[in-house]
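First the structure, in the form of structure tokens, and then the observations on it.
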Amino acid sequence: MIWKSDLGNGRYKNPVLYVDYSDPDAIRVGDDYYLTASSFCNVPGLPILHSKDLVNWKMIGYGLKKIPEFRYRDPIHGCGVWAPSIRYHNKTFYIFFPMPDEGIYMIKSTDPAGEWTEAVKLYDGAGFIDPCPFWDEDGNAYLVNAVAKSRIGYKSVLYLSKMSQDGERLLSKPVKIYDGDADGNITTEGPKMYKRNGWYYIFAPAGGVKTGWQIVLRSRNVFGPYEVRTVMAQGDTGVNGPHQGAWVDTVSGEDWFLHFQDVFAAGRIVHLQPMRWTTDDWPVIGEASKGDICGIPVIEYKKPDVRNEVEREVTETVGEAIGKGAKSIIDAEGNRTEAIIQANGKVALSWQWNANPEEEWICRSKDGYGLKCISLSERRPMADYPNLLLRKWEAPEFKARIRLDVSGMETGDYAGIMAMGCTYAGIGIVRETEGWHIRQINGEQIFDRGNIYAKEEEKTEAVTFGGSVVECLYEVIPSNNVTATSKKPEYTLGEEGKVLHPESLIRLHFIFPDRKTYTCETSAFAGRWVGAKYGLFAVHKKEQKEEKCGNIGVLGIEIM
């Protein structure tokens with residue numbers, strides 16, 4: 001079922017987005033709100049969302065058509081586009097984003113739903129992450145950033161550099177303005193800079209993604225020294241973290257804070273918290289009694305006073321197939337049917353590739369557009385297929401049914417549905433010279449000191465098939481939903497004190513026209529910094545002198 005945050009009575013429940021939008025940042029321009037988030041190695045990158053009320057969000061586009069480095073022609077899990085910042089300055093939208101192995105980049109546009117410029121690199125080198133620009137009223141511009149220990153050898157440090165007004169160059173060497181290790185705020189990262197009443201503020205999370213808290217730094221001087229205060233912590237709630245986000249205000253003068261929570265398999269989902277200011281100019285985020293200086297996350301709250309009439313269309317949900325020829329219909333039970341590949345041959349906005357895409361991955365099929373079975377080595381693991389077409393979870397419990405036309409398959413083609421994460425599985429149909437087979441793959445990604453390994457088990461069975469259209473069903477069966485609780489959940493500590501959490505179960509079903517069904521199961525695990533995904537694969541793995549690859553017709557998806 002589709003997640004609904006708006007309760008329809010002037011109140012909302014958290015999360016406002018049960019979607020893996022890691023490291024969200026947001027701004028208000030007039031009475032419009034825009035949000036972007038990390039996208040890692042999935043493409044297109046830097047999703048752009050729009051809202052009129054901070055509760056109901058709609059996907060409107062992406063900032064990046066491709067990741068700006070050649071090596072991302074293949075998936076590099078956990079790398080790519082990390083925590084971005086979105087800002088509006090001189091009638092222009094800016095997004096600054098880091099790539100931890102390559103540097104810090106910037107793109108801009110006058111229309112957030114339209115075309116964005118090619119990425120400009122401001123900083124060349126590994127280790128600097130989480131950049132946020134700031135334009136001061138005196139004409140100076142700055143860039144604040146954090147660091148990644150995995151690339152630079154240390155963490156918790158924030159740097160500030162002078163920047164050109166156009167956001168394309170750094171004008172000074174970075175100056176260290178804060179070290180969280182010095183006062184117990186370990187793993188300080190994700191800084192966002194603002195100014196209010198003559199104070200420079202830096203909002204940042206500390207303590208780690210699953211176990212941390214929100215801090216705010218402030219100073220009368222942009223380069224410090226900064227004093228620090230904890231302004232939101234988990235307390236006795238089920239909202240672990242709570243992690244980095246954005247301060248936004250409304251035209252009515254209210255203040256709000258968007259942040260993420262890591263819910264393990266589903267990834268990093270977005271919450272909305274009320275925010276207020278103390279008489280001595282410190283923010284307090286979340287629910288707090290009078291006099292408290294640190295709040296706790298709210299589960300349910302009144303909606304923001306945006307002073308405009310927001311027409312809620314139930315079809316305008318995150319994941320809707322926006323664009324020419326795309327349709328999204330929601331029935332009385334809350335199920336949604338939509339296109340995957342639109343009538344114009346473009347992939348719907350709710351889908352991303354596993355790596356930088358090639359034009360040939362989308363091809364003409366019998367009834368429109370479909371997926372090309374691209375040629376790959378027999379030894380390439382399924383999780384590393386570059387042309388995996390993937391989609392984020394949209395609820396803690398749901399089913400997704402996809403219909404495929406496989407009549408265009410050639411000998412050696414293999415296509416079907418997969419569950420993607422650090423553990424993954426796929427089930428699909430193989431066309432061989434002697435007939436058809438069902439092939440199931442179960443695998444695991446292993447991350448070791450920056451290197452990625454995969455191990456897989458394969459099971460193949462001959463089948464009789466004389467039709468053309470098959471159904472693929474992805475089913476999530478949750479074991480626990482931490483965001484639905486009002487009390488702190490019981491966690492289990494595994495090896496080296498790592499926090500463990502009961503995983504959801506995923507079932508993949510491959511269904512023939514006669515309703516003969518083949519099923520495989522796997523545990524739902526998040527990927528490398530990303531939530532579990534599901535999607536389609538279409539590959540050709542038959543070595544021959546004159547290779548001929550077929551295509552798969554994609555007939556749509558139903559979310560239940």
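Order determines the names: the first chain of the structure tokens is A, the second B, and so forth; residues in each chain are numbered 1 upward, and ligands are numbered 1 upward as they are shown.
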Close residues, Phe93 (chain A) itself excluded, 9 Å, only C-alpha atoms, min 6 positions apart in chain, as a list in words: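 Counting only C-alpha atoms, the residues come to Ile86, Arg87, Ile107, Lys108, Ser109, Thr110, Asp111 and Pro112 of chain A.
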Once you have the residues from the selection above, write them out as a PDB file, in the first residue's frame, restricted to C-alpha atoms.
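Saved file result04.pdb follows:
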ATOM      1  CA  ILE A  86      20.458  23.012  -2.685  1.00  0.00           C
ATOM      2  CA  ARG A  87      20.344  26.815  -2.579  1.00  0.00           C
ATOM      3  CA  ILE A 107      25.432  22.445 -10.996  1.00  0.00           C
ATOM      4  CA  LYS A 108      22.882  25.230 -11.498  1.00  0.00           C
ATOM      5  CA  SER A 109      19.600  25.985 -13.227  1.00  0.00           C
ATOM      6  CA  THR A 110      16.929  28.676 -13.466  1.00  0.00           C
ATOM      7  CA  ASP A 111      14.246  25.955 -13.504  1.00  0.00           C
ATOM      8  CA  PRO A 112      14.597  23.129 -10.951  1.00  0.00           C
TER       9      PRO A 112
END
Per DSSP on the backbone, what are the helix (DSSP H, G or I) residues of region 189-384 of chain A, as a CSV table (one decimal) with N, CA, C and O atoms, in the first residue's frame?
chain,number,residue,atom,x,y,z
A,264,PHE,N,17.1,0.9,8.4
A,264,PHE,CA,17.8,-0.4,8.0
A,264,PHE,C,17.4,-0.8,6.6
A,264,PHE,O,17.8,-0.1,5.6
A,265,ALA,N,16.6,-1.8,6.4
A,265,ALA,CA,16.4,-2.3,5.0
A,265,ALA,C,15.8,-1.2,4.1
A,265,ALA,O,16.2,-1.1,2.9
A,266,ALA,N,14.8,-0.5,4.5
A,266,ALA,CA,14.2,0.5,3.7
A,266,ALA,C,15.1,1.7,3.4
A,266,ALA,O,14.7,2.6,2.6
A,359,GLU,N,22.3,4.7,-24.4
A,359,GLU,CA,21.1,4.9,-25.1
A,359,GLU,C,20.5,3.5,-25.6
A,359,GLU,O,19.3,3.4,-25.6
A,360,GLU,N,21.3,2.6,-25.9
A,360,GLU,CA,20.9,1.3,-26.4
A,360,GLU,C,20.1,0.5,-25.3
A,360,GLU,O,19.5,-0.5,-25.6
A,361,TRP,N,20.2,0.9,-24.0
A,361,TRP,CA,19.5,0.1,-23.0
A,361,TRP,C,18.0,0.1,-23.2
A,361,TRP,O,17.3,-0.8,-22.7
A,382,MET,N,25.2,-10.4,-10.6
A,382,MET,CA,24.0,-9.7,-10.9
A,382,MET,C,23.9,-8.3,-10.3
A,382,MET,O,23.4,-7.4,-10.9
A,383,ALA,N,24.4,-8.2,-9.1
A,383,ALA,CA,24.4,-6.8,-8.5
A,383,ALA,C,25.2,-5.8,-9.2
A,383,ALA,O,25.1,-4.6,-9.0
A,384,ASP,N,26.1,-6.3,-10.1
A,384,ASP,CA,27.0,-5.4,-10.9
A,384,ASP,C,26.5,-5.3,-12.3
A,384,ASP,O,27.3,-4.7,-13.2
Residues at most 10 Å from Trp436 (chain A), counting only C-alpha atoms, excluding those fewer than 3 positions away in the same chain, as a short mmCIF file (atom, residue, chain, number, x, y, z; two decimals) with C-alpha atoms, in the first residue's frame?
data_model
loop_
_atom_site.label_atom_id
_atom_site.label_comp_id
_atom_site.auth_asym_id
_atom_site.auth_seq_id
_atom_site.Cartn_x
_atom_site.Cartn_y
_atom_site.Cartn_z
CA THR A 411 18.99 -17.41 -27.48
CA ILE A 429 13.56 -16.66 -17.66
CA VAL A 430 16.39 -17.82 -19.93
CA ARG A 431 15.97 -18.60 -23.61
CA GLU A 432 18.22 -21.43 -24.72
CA THR A 433 18.57 -23.28 -28.03
CA ARG A 439 17.06 -19.30 -13.31
CA GLU A 461 15.33 -25.53 -14.07
CA ALA A 462 13.89 -26.35 -17.49
CA VAL A 463 10.29 -25.19 -18.05
CA THR A 464 7.63 -25.48 -20.72
CA PHE A 465 6.47 -22.12 -22.01
CA GLY A 466 4.50 -21.28 -25.10
#
Work out how far apart CA of Trp256 (chain A) and CA of Tyr34 (chain A) are and give it in Å to one decimal.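 Going from CA of Trp256 (chain A) over to CA of Tyr34 (chain A) covers 13.8 Å.
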Write out as a list in words the set of residues from region 92-130 of chain A that DSSP, computed on the backbone, places in strand (DSSP E). Thr92, Phe93, Tyr94, Ile95, Phe96, Phe97, Pro98, Met99, Gly103, Ile104, Tyr105, Met106, Ile107, Lys108, Ser109, Val120, Lys121, Leu122, Tyr123, Asp124, Phe128, Ile129 and Asp130 of chain A
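Atom pair CA of Tyr226 (chain A) / CA of Lys173 (chain A): separated by 19.2 Å.
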Nearest-residue call for Glu378 (chain A), choices A:His540, A:Arg220, A:Ala26, A:Ile340, using only C-alpha atoms: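 Nearest to Glu378 (chain A): A:His540.
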Expressed in Å to a single decimal, how great is the separation between CA of Trp135 (chain A) and CA of His89 (chain A)?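 These two atoms are separated by 7.9 Å.
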Which residues, written as a list in words, have at least one atom at most 10 Å from Ile374 (chain A), with only C-alpha atoms counted and residues fewer than 2 positions away on the same chain left out?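 My reading of the contact set: Glu360, Trp361, Leu371, Lys372, Leu376, Tyr385, Pro386, Asn387, Asp413, Tyr414, Phe537, Ala538, Val539, His540, Lys541, Lys548, Cys549, Gly550 and Asn551 of chain A.
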Of the candidates A:Leu64, A:Met193, A:Ala148, A:Val347, which one gets nearest to Gly114 (chain A) if we count only C-alpha atoms?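 The shortest atom-to-atom distance to Gly114 (chain A) comes from A:Leu64.
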Return the single residue from A:Cys132, A:Ala415, A:Leu49, A:Ala83 that is closest to Phe510 (chain A), with distances computed using only C-alpha atoms. A:Ala415
Would you list the contacts of Leu272 (chain A) as a list in words, taking every protein, DNA or RNA residue within 8 Å and counting only C-alpha atoms, but skipping same-chain residues closer than 4 positions in sequence?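 After dropping sequence-adjacent residues, the list is Asn14, Pro15, Val16, Leu54, Val55, Trp256, Phe257, Leu258 and His259 of chain A.
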Mind writing the picked residues with C-alpha atoms as an mmCIF file, in the first residue's frame?
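Final file, out_6.cif:
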data_model
loop_
_atom_site.group_PDB
_atom_site.id
_atom_site.type_symbol
_atom_site.label_atom_id
_atom_site.label_comp_id
_atom_site.auth_asym_id
_atom_site.auth_seq_id
_atom_site.Cartn_x
_atom_site.Cartn_y
_atom_site.Cartn_z
ATOM 1 C CA ASN A 14 6.116 10.966 10.172
ATOM 2 C CA PRO A 15 7.836 10.083 8.002
ATOM 3 C CA VAL A 16 6.569 12.518 5.371
ATOM 4 C CA LEU A 54 6.306 20.332 3.354
ATOM 5 C CA VAL A 55 4.147 17.218 3.806
ATOM 6 C CA TRP A 256 10.617 23.541 10.409
ATOM 7 C CA PHE A 257 13.364 20.967 10.055
ATOM 8 C CA LEU A 258 13.519 18.103 7.540
ATOM 9 C CA HIS A 259 15.875 15.236 8.383
#
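Closest to Glu69 (chain A) among A:Ser22, A:Ala355, A:Ala419, A:Lys195 is A:Ala355, based on only C-alpha atoms.
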Would you list the contacts of region 177-189 of chain A as a VMD selection string, taking every protein, DNA or RNA residue within 6 Å and counting only C-alpha atoms, but skipping same-chain residues closer than 6 positions in sequence? chain A and resid 146 155 to 159 204 to 208
So that I can check the surroundings of Ile285 (chain A), please list as a ChimeraX atom specification every protein, DNA and RNA residue that reaches within 8 Å of it, counting only C-alpha atoms and ignoring chain neighbours fewer than 4 positions away. /A:231-232,256-257,273-276,294-297
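If only C-alpha atoms are the atoms counted, then among A:Gly421, A:Pro357, A:Pro242, A:Pro283 the closest residue to Ala454 (chain A) is A:Gly421.
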